[in-house]
Structure formats: C-alpha cells, structure tokens
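Visitor: This is data_31.txt, which holds compact mmCIF, C-alpha atoms (C1' of nucleotides):
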# COMPACT_ATOMS: atom_id res chain seq x y z
CA MET C 1 315.01 229.27 120.29
CA ALA C 2 317.80 227.22 118.80
CA ARG C 3 319.10 224.46 116.54
CA LYS C 4 318.38 223.48 112.98
CA PRO C 5 314.86 222.83 111.70
CA ALA C 6 315.59 219.11 111.40
CA SER C 7 315.59 218.69 107.66
CA GLY C 8 315.77 215.31 105.93
CA THR C 9 315.53 213.30 109.13
CA ARG C 10 312.22 211.69 108.30
CA LYS C 11 313.28 210.76 104.81
CA ARG C 12 316.52 209.27 106.05
CA ILE C 13 314.69 207.07 108.52
CA LEU C 14 312.19 205.99 105.88
CA ASP C 15 314.96 205.11 103.46
CA VAL C 16 316.70 202.86 105.96
CA ALA C 17 313.43 201.36 107.14
CA ALA C 18 312.39 200.60 103.56
CA ARG C 19 315.63 198.78 102.89
CA LEU C 20 315.59 196.73 106.09
CA PHE C 21 311.87 195.96 106.17
CA GLY C 22 311.91 195.08 102.50
CA GLU C 23 314.93 192.84 102.79
CA HIS C 24 314.27 190.97 106.02
CA GLY C 25 310.63 191.62 106.83
CA VAL C 26 309.14 193.88 109.46
CA ARG C 27 309.12 191.51 112.42
CA ALA C 28 312.72 190.51 111.80
CA VAL C 29 313.98 194.08 112.07
CA GLY C 30 314.21 195.94 115.35
CA ILE C 31 313.84 199.65 115.93
CA GLN C 32 317.39 199.72 117.25
CA GLN C 33 318.69 198.34 113.96
CA VAL C 34 316.91 201.06 112.05
CA ILE C 35 318.31 203.92 114.12
CA ASP C 36 321.78 202.39 114.17
CA GLU C 37 321.88 202.48 110.39
CA THR C 38 320.56 206.00 110.18
CA GLY C 39 323.22 207.29 112.53
CA LEU C 40 320.51 209.23 114.33
CA GLY C 41 319.27 208.93 117.87
CA LYS C 42 316.26 207.03 118.99
CA SER C 43 314.46 210.16 120.04
CA GLN C 44 314.49 211.38 116.43
CA LEU C 45 312.56 208.37 115.31
CA TYR C 46 309.98 208.72 118.02
CA ARG C 47 309.62 212.42 117.25
CA GLU C 48 308.80 211.66 113.62
CA PHE C 49 306.71 208.53 114.21
CA ASP C 50 304.36 207.35 116.92
CA GLY C 51 306.03 203.95 117.12
CA LYS C 52 307.05 201.00 115.04
CA ASP C 53 303.56 200.41 113.71
CA ASP C 54 303.37 203.98 112.54
CA LEU C 55 306.76 203.69 110.88
CA VAL C 56 305.62 200.57 109.07
CA ALA C 57 302.47 202.30 107.90
CA ALA C 58 304.46 205.30 106.70
CA TRP C 59 306.84 203.03 104.84
CA LEU C 60 303.94 201.36 103.04
CA ARG C 61 302.30 204.69 102.25
CA ASP C 62 305.54 205.84 100.69
CA SER C 63 305.94 202.58 98.80
CA ASP C 64 302.39 202.86 97.53
CA ALA C 65 303.04 206.35 96.21
CA ALA C 66 306.31 205.32 94.61
CA TRP C 67 304.71 202.26 93.04
CA TRP C 68 301.93 204.23 91.44
CA GLU C 69 304.33 206.80 90.13
CA VAL C 70 306.12 204.09 88.17
CA ALA C 71 302.92 202.29 87.23
CA ASP C 72 301.17 205.42 86.04
CA ALA C 73 304.16 206.25 83.87
CA ALA C 74 304.13 202.75 82.39
CA VAL C 75 300.40 202.99 81.73
CA ALA C 76 300.70 206.46 80.21
CA ARG C 77 303.16 205.09 77.71
CA HIS C 78 300.32 203.22 75.98
CA ALA C 79 297.52 205.73 76.30
CA GLU C 80 295.75 204.56 73.19
CA ASP C 81 295.64 200.83 73.98
CA PRO C 82 293.99 199.74 77.26
CA ALA C 83 294.82 196.06 76.77
CA ARG C 84 298.44 197.04 76.34
CA GLN C 85 298.19 199.17 79.47
CA ILE C 86 297.09 196.16 81.48
CA LEU C 87 300.04 194.18 80.25
CA ALA C 88 302.36 197.07 81.09
CA VAL C 89 301.28 196.78 84.73
CA ILE C 90 301.82 193.04 84.71
CA GLU C 91 305.24 193.52 83.14
CA LEU C 92 306.13 195.90 85.92
CA VAL C 93 305.34 193.28 88.54
CA TYR C 94 307.02 190.63 86.43
CA ASP C 95 310.25 192.58 86.18
CA GLY C 96 310.24 193.16 89.92
CA ALA C 97 309.59 189.54 90.78
CA ARG C 98 312.42 188.38 88.50
CA SER C 99 314.97 190.87 89.75
CA PRO C 100 317.98 189.33 91.55
CA GLY C 101 317.42 189.87 95.25
CA PHE C 102 313.63 189.86 95.12
CA ARG C 103 312.16 189.44 98.58
CA GLY C 104 308.46 189.60 97.84
CA CYS C 105 305.88 192.34 97.67
CA PRO C 106 305.95 194.65 100.71
CA PHE C 107 302.17 194.78 100.78
CA TYR C 108 301.42 191.08 100.57
CA ASN C 109 304.34 190.34 102.88
CA THR C 110 303.28 192.81 105.54
CA SER C 111 299.71 191.59 105.42
CA THR C 112 300.92 188.07 106.14
CA GLU C 113 303.19 189.26 108.95
CA PHE C 114 300.39 191.18 110.67
CA ARG C 115 297.04 189.47 110.55
CA ASP C 116 295.15 191.73 112.90
CA PRO C 117 292.87 193.75 110.60
CA GLY C 118 293.40 196.77 112.81
CA HIS C 119 297.16 196.87 112.45
CA PRO C 120 298.15 200.10 110.66
CA GLY C 121 300.60 198.25 108.44
CA ARG C 122 298.05 195.72 107.34
CA ARG C 123 295.54 198.44 106.67
CA GLU C 124 297.93 200.26 104.37
CA ALA C 125 298.81 197.03 102.62
CA VAL C 126 295.19 196.11 102.01
CA THR C 127 294.43 199.62 100.83
CA HIS C 128 297.18 199.40 98.24
CA LEU C 129 296.01 196.02 96.99
CA GLU C 130 292.41 197.14 96.71
CA ARG C 131 293.53 200.21 94.85
CA LEU C 132 295.40 197.99 92.43
CA ARG C 133 292.38 195.76 91.98
CA GLU C 134 290.21 198.80 91.29
CA ARG C 135 292.66 200.17 88.79
CA LEU C 136 292.76 196.90 86.90
CA LEU C 137 288.98 196.91 86.89
CA THR C 138 288.96 200.30 85.21
CA LEU C 139 291.53 199.23 82.65
CA ALA C 140 289.64 196.00 81.99
CA GLY C 141 286.49 197.97 81.33
CA ALA C 142 288.34 200.31 78.98
CA ALA C 143 289.82 197.32 77.17
CA GLY C 144 286.33 196.10 76.40
CA ALA C 145 286.32 193.03 78.62
CA THR C 146 282.99 191.25 78.71
CA ASP C 147 283.43 190.74 82.45
CA PRO C 148 285.77 193.49 83.68
CA GLN C 149 285.62 192.38 87.31
CA GLY C 150 286.41 188.85 86.25
CA LEU C 151 289.44 189.94 84.26
CA SER C 152 290.62 192.23 87.02
CA ASP C 153 290.42 189.44 89.57
CA ALA C 154 292.11 186.94 87.29
CA LEU C 155 294.95 189.41 86.86
CA MET C 156 295.14 189.90 90.62
CA LEU C 157 295.62 186.16 90.91
CA VAL C 158 298.48 186.31 88.46
CA ILE C 159 300.03 189.24 90.31
CA GLY C 160 299.71 187.56 93.69
CA GLY C 161 301.13 184.38 92.20
CA LEU C 162 303.97 186.35 90.69
CA TYR C 163 304.94 187.86 94.02
CA ALA C 164 304.46 184.68 96.04
CA ASN C 165 306.31 182.40 93.64
CA GLY C 166 308.99 184.94 92.87
CA ALA C 167 309.82 185.20 96.56
CA ALA C 168 309.61 181.49 97.31
CA LEU C 169 310.90 179.77 94.18
CA GLY C 170 313.00 182.45 92.52
CA PRO C 171 313.29 183.74 88.96
CA ASP C 172 313.38 180.26 87.40
CA GLY C 173 310.12 179.25 89.02
CA PRO C 174 306.53 179.64 87.86
CA VAL C 175 307.20 183.35 87.46
CA ARG C 176 308.34 182.65 83.92
CA GLN C 177 304.82 181.91 82.76
CA ALA C 178 303.33 185.16 84.00
CA LEU C 179 303.44 187.23 80.83
CA THR C 180 302.15 184.45 78.60
CA THR C 181 299.36 183.72 81.06
CA ALA C 182 298.36 187.34 81.48
CA GLU C 183 298.25 187.85 77.72
CA ALA C 184 296.07 184.79 77.30
CA LEU C 185 293.69 186.00 80.01
CA VAL C 186 293.35 189.44 78.46
CA ARG C 187 292.73 187.91 75.05
CA LEU C 188 290.18 185.55 76.54
CA HIS C 189 288.21 188.29 78.28
CA CYS C 190 288.33 190.85 75.50
CA PRO C 191 286.43 189.80 72.37
CA PRO C 192 288.06 190.86 69.11
CA ARG C 193 286.49 194.08 67.98
CA MET T 1 312.34 152.52 135.64
CA ALA T 2 309.07 154.37 136.12
CA ARG T 3 306.31 156.49 134.69
CA LYS T 4 304.47 156.35 131.44
CA PRO T 5 306.30 155.80 128.16
CA ALA T 6 305.61 159.39 127.09
CA SER T 7 303.10 158.69 124.41
CA GLY T 8 301.40 161.43 122.41
CA THR T 9 303.62 164.21 123.68
CA ARG T 10 305.12 165.02 120.32
CA LYS T 11 301.78 164.99 118.59
CA ARG T 12 300.25 167.21 121.22
CA ILE T 13 302.98 169.78 120.80
CA LEU T 14 302.68 169.66 117.02
CA ASP T 15 298.91 170.11 117.19
CA VAL T 16 299.20 173.24 119.31
CA ALA T 17 302.10 174.58 117.26
CA ALA T 18 300.16 174.02 114.05
CA ARG T 19 297.21 175.96 115.37
CA LEU T 20 299.24 178.88 116.71
CA PHE T 21 301.75 179.13 113.88
CA GLY T 22 299.00 178.83 111.32
CA GLU T 23 296.82 181.42 112.95
CA HIS T 24 299.31 184.09 113.94
CA GLY T 25 302.48 183.26 112.07
CA VAL T 26 305.68 181.73 113.36
CA ARG T 27 307.48 184.87 114.45
CA ALA T 28 304.44 186.11 116.33
CA VAL T 29 304.24 183.00 118.52
CA GLY T 30 306.66 182.33 121.35
CA ILE T 31 307.82 178.97 122.61
CA GLN T 32 306.33 179.79 125.99
CA GLN T 33 302.91 180.24 124.41
CA VAL T 34 303.16 176.84 122.79
CA ILE T 35 304.03 174.98 125.98
CA ASP T 36 301.47 176.90 127.99
CA GLU T 37 298.74 175.66 125.68
CA THR T 38 299.98 172.09 125.66
CA GLY T 39 299.97 171.89 129.44
CA LEU T 40 303.35 170.18 129.21
CA GLY T 41 306.67 171.33 130.57
CA LYS T 42 309.29 173.16 128.59
CA SER T 43 311.69 170.28 128.96
CA GLN T 44 309.34 168.04 126.98
CA LEU T 45 309.44 170.35 123.99
CA TYR T 46 313.21 170.53 123.99
CA ARG T 47 313.46 166.79 124.36
CA GLU T 48 311.31 166.27 121.26
CA PHE T 49 312.72 169.12 119.18
CA ASP T 50 316.10 170.77 118.85
CA GLY T 51 314.63 174.23 119.11
CA LYS T 52 312.05 176.51 117.59
CA ASP T 53 313.44 176.18 114.07
CA ASP T 54 313.22 172.41 114.32
CA LEU T 55 309.65 172.64 115.61
CA VAL T 56 308.74 174.85 112.68
CA ALA T 57 310.31 172.42 110.24
CA ALA T 58 308.49 169.48 111.84
CA TRP T 59 305.21 171.39 111.66
CA LEU T 60 305.70 171.99 107.94
CA ARG T 61 306.72 168.38 107.32
CA ASP T 62 303.53 167.26 109.02
CA SER T 63 301.47 169.78 107.09
CA ASP T 64 303.04 168.63 103.86
CA ALA T 65 302.12 165.02 104.58
CA ALA T 66 298.59 165.95 105.59
CA TRP T 67 298.14 168.10 102.52
CA TRP T 68 299.19 165.37 100.16
CA GLU T 69 296.96 162.90 101.87
CA VAL T 70 293.95 165.05 101.06
CA ALA T 71 295.22 166.01 97.63
CA ASP T 72 295.99 162.45 96.62
CA ALA T 73 292.52 161.42 97.66
CA ALA T 74 290.98 164.20 95.61
CA VAL T 75 293.10 163.28 92.61
CA ALA T 76 292.28 159.59 92.96
CA ARG T 77 288.60 160.46 92.74
CA HIS T 78 289.06 161.27 89.04
CA ALA T 79 291.52 158.63 88.02
CA GLU T 80 290.34 158.54 84.44
CA ASP T 81 290.49 162.25 83.68
CA PRO T 82 293.84 164.05 84.21
CA ALA T 83 292.41 167.47 83.36
CA ARG T 84 289.75 166.92 85.98
CA GLN T 85 292.47 165.85 88.42
CA ILE T 86 294.25 169.15 87.95
CA LEU T 87 291.06 171.04 88.68
CA ALA T 88 290.48 168.91 91.75
CA VAL T 89 293.78 170.17 93.17
CA ILE T 90 292.88 173.76 92.38
CA GLU T 91 289.47 173.29 93.98
CA LEU T 92 291.19 172.05 97.10
CA VAL T 93 293.24 175.21 97.35
CA TYR T 94 290.22 177.28 96.41
CA ASP T 95 288.10 175.82 99.17
CA GLY T 96 290.86 176.44 101.69
CA ALA T 97 291.42 180.02 100.63
CA ARG T 98 287.71 180.79 100.86
CA SER T 99 287.19 179.19 104.25
CA PRO T 100 286.19 181.61 107.04
CA GLY T 101 289.31 182.16 109.11
CA PHE T 102 291.81 181.61 106.31
CA ARG T 103 295.22 182.93 107.30
CA GLY T 104 297.25 182.03 104.25
CA CYS T 105 299.29 179.04 103.15
CA PRO T 106 301.74 177.83 105.83
CA PHE T 107 304.39 177.22 103.20
CA TYR T 108 304.25 180.52 101.37
CA ASN T 109 303.79 182.33 104.67
CA THR T 110 306.77 180.71 106.34
CA SER T 111 308.96 181.32 103.35
CA THR T 112 308.16 185.02 103.56
CA GLU T 113 308.76 185.09 107.30
CA PHE T 114 312.19 183.43 106.99
CA ARG T 115 314.15 184.55 103.97
CA ASP T 116 317.44 182.91 104.80
CA PRO T 117 317.66 179.95 102.38
CA GLY T 118 319.29 177.89 105.11
CA HIS T 119 316.46 178.21 107.59
CA PRO T 120 314.94 174.76 108.20
CA GLY T 121 311.42 176.14 107.97
CA ARG T 122 312.03 177.81 104.67
CA ARG T 123 313.65 174.70 103.30
CA GLU T 124 310.62 172.59 104.14
CA ALA T 125 308.33 175.21 102.65
CA VAL T 126 310.25 175.39 99.41
CA THR T 127 310.41 171.61 99.21
CA HIS T 128 306.63 171.38 99.49
CA LEU T 129 306.07 174.01 96.81
CA GLU T 130 308.48 172.38 94.42
CA ARG T 131 306.81 169.05 95.02
CA LEU T 132 303.48 170.64 94.14
CA ARG T 133 304.93 172.16 91.02
CA GLU T 134 306.35 168.81 89.97
CA ARG T 135 303.06 167.06 90.60
CA LEU T 136 301.19 169.56 88.47
CA LEU T 137 303.77 169.03 85.75
CA THR T 138 303.05 165.32 85.75
CA LEU T 139 299.32 165.88 85.66
CA ALA T 140 299.67 168.44 82.89
CA GLY T 141 301.62 165.94 80.82
CA ALA T 142 299.01 163.27 81.43
CA ALA T 143 296.29 165.72 80.43
CA GLY T 144 297.96 166.15 77.07
CA ALA T 145 299.12 169.72 77.47
CA THR T 146 301.22 170.95 74.58
CA ASP T 147 303.53 172.67 77.06
CA PRO T 148 303.19 170.81 80.37
CA GLN T 149 305.75 172.96 82.21
CA GLY T 150 303.94 176.05 80.99
CA LEU T 151 300.60 174.82 82.26
CA SER T 152 302.08 173.70 85.55
CA ASP T 153 303.68 177.09 86.12
CA ALA T 154 300.53 178.95 85.11
CA LEU T 155 298.61 176.88 87.66
CA MET T 156 301.25 177.63 90.30
CA LEU T 157 300.62 181.31 89.65
CA VAL T 158 296.91 180.78 90.21
CA ILE T 159 297.59 178.83 93.39
CA GLY T 160 300.00 181.43 94.73
CA GLY T 161 297.52 184.14 93.84
CA LEU T 162 294.76 182.20 95.54
CA TYR T 163 296.68 181.97 98.79
CA ALA T 164 298.03 185.53 98.70
CA ASN T 165 294.74 187.17 97.82
CA GLY T 166 292.69 184.93 100.06
CA ALA T 167 294.80 185.95 103.03
CA ALA T 168 294.98 189.64 102.18
CA LEU T 169 291.62 190.45 100.61
CA GLY T 170 289.36 187.71 101.91
CA PRO T 171 286.79 185.42 100.32
CA ASP T 172 285.13 188.20 98.32
CA GLY T 173 288.40 189.21 96.69
CA PRO T 174 290.06 187.98 93.52
CA VAL T 175 289.82 184.46 94.91
CA ARG T 176 286.40 184.17 93.32
CA GLN T 177 287.89 184.02 89.83
CA ALA T 178 290.24 181.15 90.56
CA LEU T 179 288.18 178.22 89.29
CA THR T 180 287.08 179.97 86.12
CA THR T 181 290.64 181.04 85.42
CA ALA T 182 292.13 177.62 86.10
CA GLU T 183 289.59 175.95 83.84
CA ALA T 184 290.37 178.40 81.07
CA LEU T 185 294.10 177.77 81.43
CA VAL T 186 293.70 174.02 81.30
CA ARG T 187 291.47 174.31 78.25
CA LEU T 188 293.95 176.64 76.62
CA HIS T 189 296.92 174.33 77.15
CA CYS T 190 295.20 171.07 76.30
CA PRO T 191 294.10 170.83 72.66
CA PRO T 192 290.77 169.11 72.13
CA ARG T 193 291.38 165.48 71.36
C1' DT F 1 307.25 149.62 150.80
C1' DC F 2 310.80 151.31 148.49
C1' DG F 3 314.11 153.02 144.56
C1' DG F 4 314.29 154.92 140.41
C1' DT F 5 312.86 157.57 136.62
C1' DC F 6 310.45 160.68 134.26
C1' DC F 7 307.20 164.38 134.67
C1' DG F 8 305.30 169.49 134.98
C1' DG F 9 306.61 173.74 136.50
C1' DG F 10 309.32 177.38 136.83
C1' DA F 11 313.62 179.93 138.09
C1' DC F 12 317.10 181.59 135.52
C1' DC F 13 320.36 182.97 131.56
C1' DG F 14 321.98 186.58 128.15
C1' DG F 15 320.06 189.09 124.67
C1' DT F 16 316.74 191.94 122.33
C1' DC F 17 312.29 193.90 122.00
C1' DG F 18 309.57 198.58 121.68
C1' DG F 19 309.49 202.71 124.10
C1' DT F 20 310.84 206.62 127.55
C1' DC F 21 313.78 209.86 129.42
C1' DC F 22 317.71 212.65 130.46
C1' DA F 23 322.34 214.90 130.24
C1' DT F 24 324.61 217.24 126.78
C1' DA F 25 325.71 219.76 122.65
C1' DT F 26 324.41 223.11 119.59
C1' DT F 27 322.18 226.87 118.11
C1' DG F 28 319.70 231.67 117.59
C1' DA F 29 318.37 235.94 119.91
C1' DC F 30 320.07 239.70 122.13
C1' DG X 1 329.78 237.17 124.42
C1' DT X 2 326.02 235.37 127.02
C1' DC X 3 322.02 232.91 127.91
C1' DA X 4 318.02 230.17 127.09
C1' DA X 5 315.83 226.97 124.27
C1' DT X 6 315.79 222.90 121.78
C1' DA X 7 317.45 218.98 119.07
C1' DT X 8 320.52 215.36 119.89
C1' DG X 9 322.65 210.64 121.12
C1' DG X 10 322.31 207.14 124.05
C1' DA X 11 321.40 205.28 128.77
C1' DC X 12 317.85 203.08 130.65
C1' DC X 13 313.13 200.71 131.45
C1' DG X 14 310.14 196.52 132.00
C1' DA X 15 308.78 192.76 129.16
C1' DC X 16 309.62 188.97 126.55
C1' DC X 17 312.59 186.22 123.45
C1' DG X 18 314.68 181.24 122.82
C1' DG X 19 317.01 178.11 125.58
C1' DT X 20 319.07 175.67 129.94
C1' DC X 21 318.67 173.69 134.21
C1' DC X 22 316.90 171.97 138.40
C1' DC X 23 313.44 170.85 141.89
C1' DG X 24 309.63 168.36 143.99
C1' DG X 25 306.34 165.11 143.17
C1' DA X 26 303.93 161.44 140.60
C1' DC X 27 304.18 157.10 138.98
C1' DC X 28 306.31 152.65 137.96
C1' DG X 29 308.38 147.88 138.76
C1' DA X 30 310.34 145.15 142.13
Would you mind writing the structure in this file as structure tokens?

Guide:
Amino acid sequence: MARKPASGTRKRILDVAARLFGEHGVRAVGIQQVIDETGLGKSQLYREFDGKDDLVAAWLRDSDAAWWEVADAAVARHAEDPARQILAVIELVYDGARSPGFRGCPFYNTSTEFRDPGHPGRREAVTHLERLRERLLTLAGAAGATDPQGLSDALMLVIGGLYANGAALGPDGPVRQALTTAEALVRLHCPPR
Amino acid sequence: MARKPASGTRKRILDVAARLFGEHGVRAVGIQQVIDETGLGKSQLYREFDGKDDLVAAWLRDSDAAWWEVADAAVARHAEDPARQILAVIELVYDGARSPGFRGCPFYNTSTEFRDPGHPGRREAVTHLERLRERLLTLAGAAGATDPQGLSDALMLVIGGLYANGAALGPDGPVRQALTTAEALVRLHCPPR
DNA sequence: TCGGTCCGGGACCGGTCGGTCCATATTGAC
DNA sequence: GTCAATATGGACCGACCGGTCCCGGACCGA
C-alpha cells in the first residue's frame, strides 16, 4: 500500500464548483475549468464523482444543507413567534437577493438550466424547493393562518419573485418591496388573536 | 438575377429557434439543431443573423412584441377599470405558467443563462422586464394606488414567482395562489373610493 | 437556350465539451 | 534501502460547439 488517504480533496472540488456554478451557471462552466482552479488532476474529480451531473447534484445537496443551517438558526432566534419566524426566512432570502454580486438562487437557476425531470441536478433543486414549501406550510400553520397552504404558496411566490427579480433587475428592482409584501401577506392570512 | 426573393426565411428560422430555445433553453440548443429543423442551409442563418447571440436577441425581441400584443389586448378589454386591467395582466402570466408544458419565462430564463450584462440576449430580456415593470407602474397609478411603485414592484414579485415556481414545481405548486395573492395586493394598495 | 444568382448541403476550422486512461511520482511495508 | 501499490497530473479520446467557406444544382430573366 501507499500514499496519503486523500483528505480534503472532495471538499476542495466542491468549494470551487460552488463558486463557479453559482457565479456563471452550470452549463457555462466546464469540468476542465473546475479542475484547473482546484489545482488537482482530472482523475481526482472522477474518483470522487460519477460525472458532471453527479458533481452538480452534490453541489446542490451541500448548498441545501448549508442553507437550512442558516435558516434554522434564523428561525430558532424567534422560537416564540411563528409569524416572526416566517419573516425571518423571507429576510434571509431578501438579504441574499440584495447582496452585491447576486447571481440568482442555485436551485431555481439549475432547474431552469436542466429541464429534464430526471436530471440529478434538477431533482436536487426541486427537492430543496419542496422542502422549503413544506417548511413554510408548517410555520404558517403554527402562526395560526386560516389557510396555511395558501399562505405558504403566497410566500413561495414572493421568494421566487425575489430570486428572479434580484438576479435580473438587481437590488434596486422589485426586490425592494419584498419585506413589505411578505408582512402584508402574513397579516392578511393570520387573523388577530 | 435569379431565384426566389428569399421570402419567409427569417421568420422560419425564428419560429424554430423560438420553439427550441423556449423548450430546452438557449445554451442547450446548438445552431446545427436549429438549421436542421428549418430545412434551410447554414448560410441562410448567418446571412439573416450575425451569430447565435444575435439570433437569441432577435428571438426575444419577437417574443417581447408578441407578448405585448396579447397583453395590450387583454388590458384593452377592461378599459374602464385599471385595477381590473392589472389583474388581466397577472391572469395572462398565470395562464401561461399553468399551461401543460410550461418551461419558464424566456426573459427570466435567458437572463439566468447569460449573466454578462453586455450579452445581447440578456439586454433584451432585461429591457422587456423593465418595460413590464413600467407598465404596471402606470396601471397602478391609474388604479389609484397610494404607492404605485410599491404595488408595481409587489406585482413583479408575484409575476417572477409565478414563472419561477411554475417552471420548477409545476401547475400544482405555489402558482395556484397567484390570483388570490395579486387581488389581495391590489386591494391593499388601492384605497376604496 | 443560356448566363447569372441564389439556394441547400456539407466539408472544414479551431476550440471546448465530458470522460478515459496511462506514465509517473510518492508513499508505506518490510 | 528496496519494492510494490496507489494516488497523481495531464495527455488523449470522440463528439460537438459556433462559425466560415465552397460546391453543385435549381431557378430566374433575357
């Protein structure tokens, strides 16, 4: 036997892939670009991943986990107030969509780049979005919404609009109305106790 | 001199391009595919267009014109009621996003596929979206909104959310809440007379 | 009938795609 | 120190990318 156990190779690849895919989109970035920036060899990438599709899926799985880590923390900060928890999630998206070099949501973006329902990347993206929808449904129920599914879906519209308009029209676009709109929707769906 | 005056060549190319770009995305469709399906020769395409980018831009210009033709007609159908006009636009988007093979909005989609602000396709896409935003602003003012820009931007969020969620999660997704939400927003921004 | 022009088709260009494979360098076991 | 095993970087593969160019034939007016 011989050589090192190949330590942070996978993480290094995923870091570079996340940056490039997030910045330019998946289809615009070649495998060669990714390995060039890692300083590794091509064989390392194909040892860790089955191919580009698998790398994309892994990137989205990682992003999903990272996203929920932040979101759960934001939600936990308002444990006593479900309506406030909903708004904390919206604020998270809002802050992202307003940040300087915002390039759009990896999940929505990837699902528009790959429209075959069987594509691993699209599957991961859809999974994330459905998870988000479900989570909002739970929060809406806890907040006492008369129609939790309705509120959850309305918020999903705002979130999708936030990502789409943030990426296309920038921080001075419709994005600015997101918090006001989300607050109004929550108020509308949750009758005063 | 000789031969036919080369009549509907350009239109034929644009029709095929519209179908393929709309269905699979711009980056996923090659020039060769486009000409193959037109039955024309490559030279015809490059005589009509400067290159792929130019073809993409022309496609979006055409789509913009076609979209406004339909939208203007829908708006004109409620000439007396600006609030109703706004909802007619939303309904238009709603119907599109719920239609069977919906693949997302060409303008939002193209702007996520090409993130360089100088790309002709992205420029056309952004132009269309800003035109839409402006039009909603006018309608919001006419409808007596207390904050027309606020209403316009809130509606843009709904529209962006409609397209994004329609493409990613299908007709049974958050899309279903779009009309209810839009109506509520219009009501909220326009004080009863 | 003939000359001229535009047509579809496709060969061809350099470059890049995703993916495979191999010569080499590096290591641990003895 | 020696050898065998393996991880490594990068050469290499066929396919396709967007784009250029040219050929042979179809069609036109004269």

Visitor: The centre and edge lengths of an axis-aligned box containing all atoms of region 127-133 of chain T present in the file, extended by 5 Å on each side, are to be given in Å to one decimal, as JSON.

Guide:
{"center_x": 306.9, "center_y": 171.5, "center_z": 95.3, "size_x": 16.9, "size_y": 15.0, "size_z": 18.5}

Visitor: Considering only C-alpha atoms (C1' of nucleotides), can you say which of X:DG19, X:DG9, X:DG1, X:DG14 comes closest to Ile31 (chain T)?

Guide: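 Once distances to Ile31 (chain T) are computed over only C-alpha atoms (C1' of nucleotides), the minimum belongs to X:DG19.
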
Visitor: Would you compute the distance between CA of Pro117 (chain C) and CA of Leu132 (chain C)? Give it in Å to one decimal.

Guide: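 Separation of CA of Pro117 (chain C) and CA of Leu132 (chain C): 18.8 Å.
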
Visitor: If we count all atoms listed in the file and set the cut-off at 10 Å, which residues sit around Gly39 (chain C), ignoring sequence neighbours fewer than 4 positions away in its own chain? Please answer as a list in words.

Guide: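 Returned residues: Arg12, Ile13, Val34 and Ile35 of chain C; DG9 of chain X.
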
Visitor: Per residue of chain F within 8 Å of chain T, record the nearest atom pair and its distance in Å to one decimal, counting all atoms listed in the file, with rows in chain order and ascending residue number, as a Markdown table.

Guide:
| residue | atom | partner | partner_atom | distance |
| --- | --- | --- | --- | --- |
| F:DG4 | C1' | T:Met1 | CA | 5.7 |
| F:DT5 | C1' | T:Ala2 | CA | 5.0 |
| F:DC6 | C1' | T:Arg3 | CA | 5.9 |
| F:DC7 | C1' | T:Arg3 | CA | 7.9 |
| F:DG8 | C1' | T:Gly41 | CA | 5.0 |
| F:DG9 | C1' | T:Gly41 | CA | 6.4 |

Visitor: Check every residue of chain C for an atom within 7 Å of chain T, counting all atoms listed in the file, and provide those that qualify as a list in words.

Guide: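 The contacting residues on chain C are His24, Gly25, Tyr108, Asn109, Ser111, Thr112, Glu113, Arg115, Val126, Gly150, Asp153, Ala154, Met156, Leu157, Val158, Ile159, Gly160, Gly161, Leu162, Ala164, Asn165, Ala168, Leu169, Pro174, Gln177, Ala178 and Thr181 of chain C.
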
Visitor: Per residue of chain X within 12 Å of chain C, which atom pair is closest and at what distance in Å (one decimal), using all atoms listed in the file, listed by chain and increasing number, as CSV?

Guide:
residue,atom,partner,partner_atom,distance
X:DC3,C1',C:Met1,CA,11.0
X:DA4,C1',C:Met1,CA,7.5
X:DA5,C1',C:Met1,CA,4.7
X:DT6,C1',C:Ala2,CA,5.6
X:DA7,C1',C:Arg3,CA,6.3
X:DT8,C1',C:Gly41,CA,6.9
X:DG9,C1',C:Gly41,CA,5.0
X:DG10,C1',C:Gly41,CA,7.1
X:DA11,C1',C:Lys42,CA,11.2

Visitor: Of the residues F:DT24, F:DC30, F:DG10, F:DT16, which is the one nearest to DG24 (chain X), using only C-alpha atoms (C1' of nucleotides)?

Guide: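 So, comparing all the options, the nearest one is F:DG10.
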
Visitor: Would you mind reading off the distance between CA of Asp15 (chain T) and C1' of DC16 (chain X), one decimal, in Å?

Guide: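 Atom-to-atom, CA of Asp15 (chain T) and C1' of DC16 (chain X) are spaced 23.6 Å apart.
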
Visitor: Record the distance separating CA of Gly30 (chain T) and C1' of DC17 (chain X), expressed in Å with one decimal.

Guide: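 Taking CA of Gly30 (chain T) as the start and C1' of DC17 (chain X) as the end point, the length is 7.4 Å.
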
Visitor: Within 10 Å of DT20 (chain X), counting all atoms listed in the file, which residues qualify if same-chain residues fewer than 4 places away don't, as a ChimeraX atom specification?

Guide: /T:43,46 /F:12-13

Visitor: Compare T:Leu20, T:Val186, T:Ala73, T:Ala66 by their minimum atom-to-atom distance to Leu87 (chain T), counting only C-alpha atoms, and give me the closest one.

Guide: T:Val186

Visitor: Neighbouring residues of Val75 (chain C) were defined as those with any atom within 9 Å, considering all atoms listed in the file; residues of the same chain fewer than 3 positions away were excluded. Please report them as a list of chain:residue names.

Guide: C:Val70, C:Ala71, C:Asp72, C:His78, C:Ala79, C:Pro82, C:Arg84, C:Gln85, C:Ile86, C:Leu87, C:Ala88, C:Val89
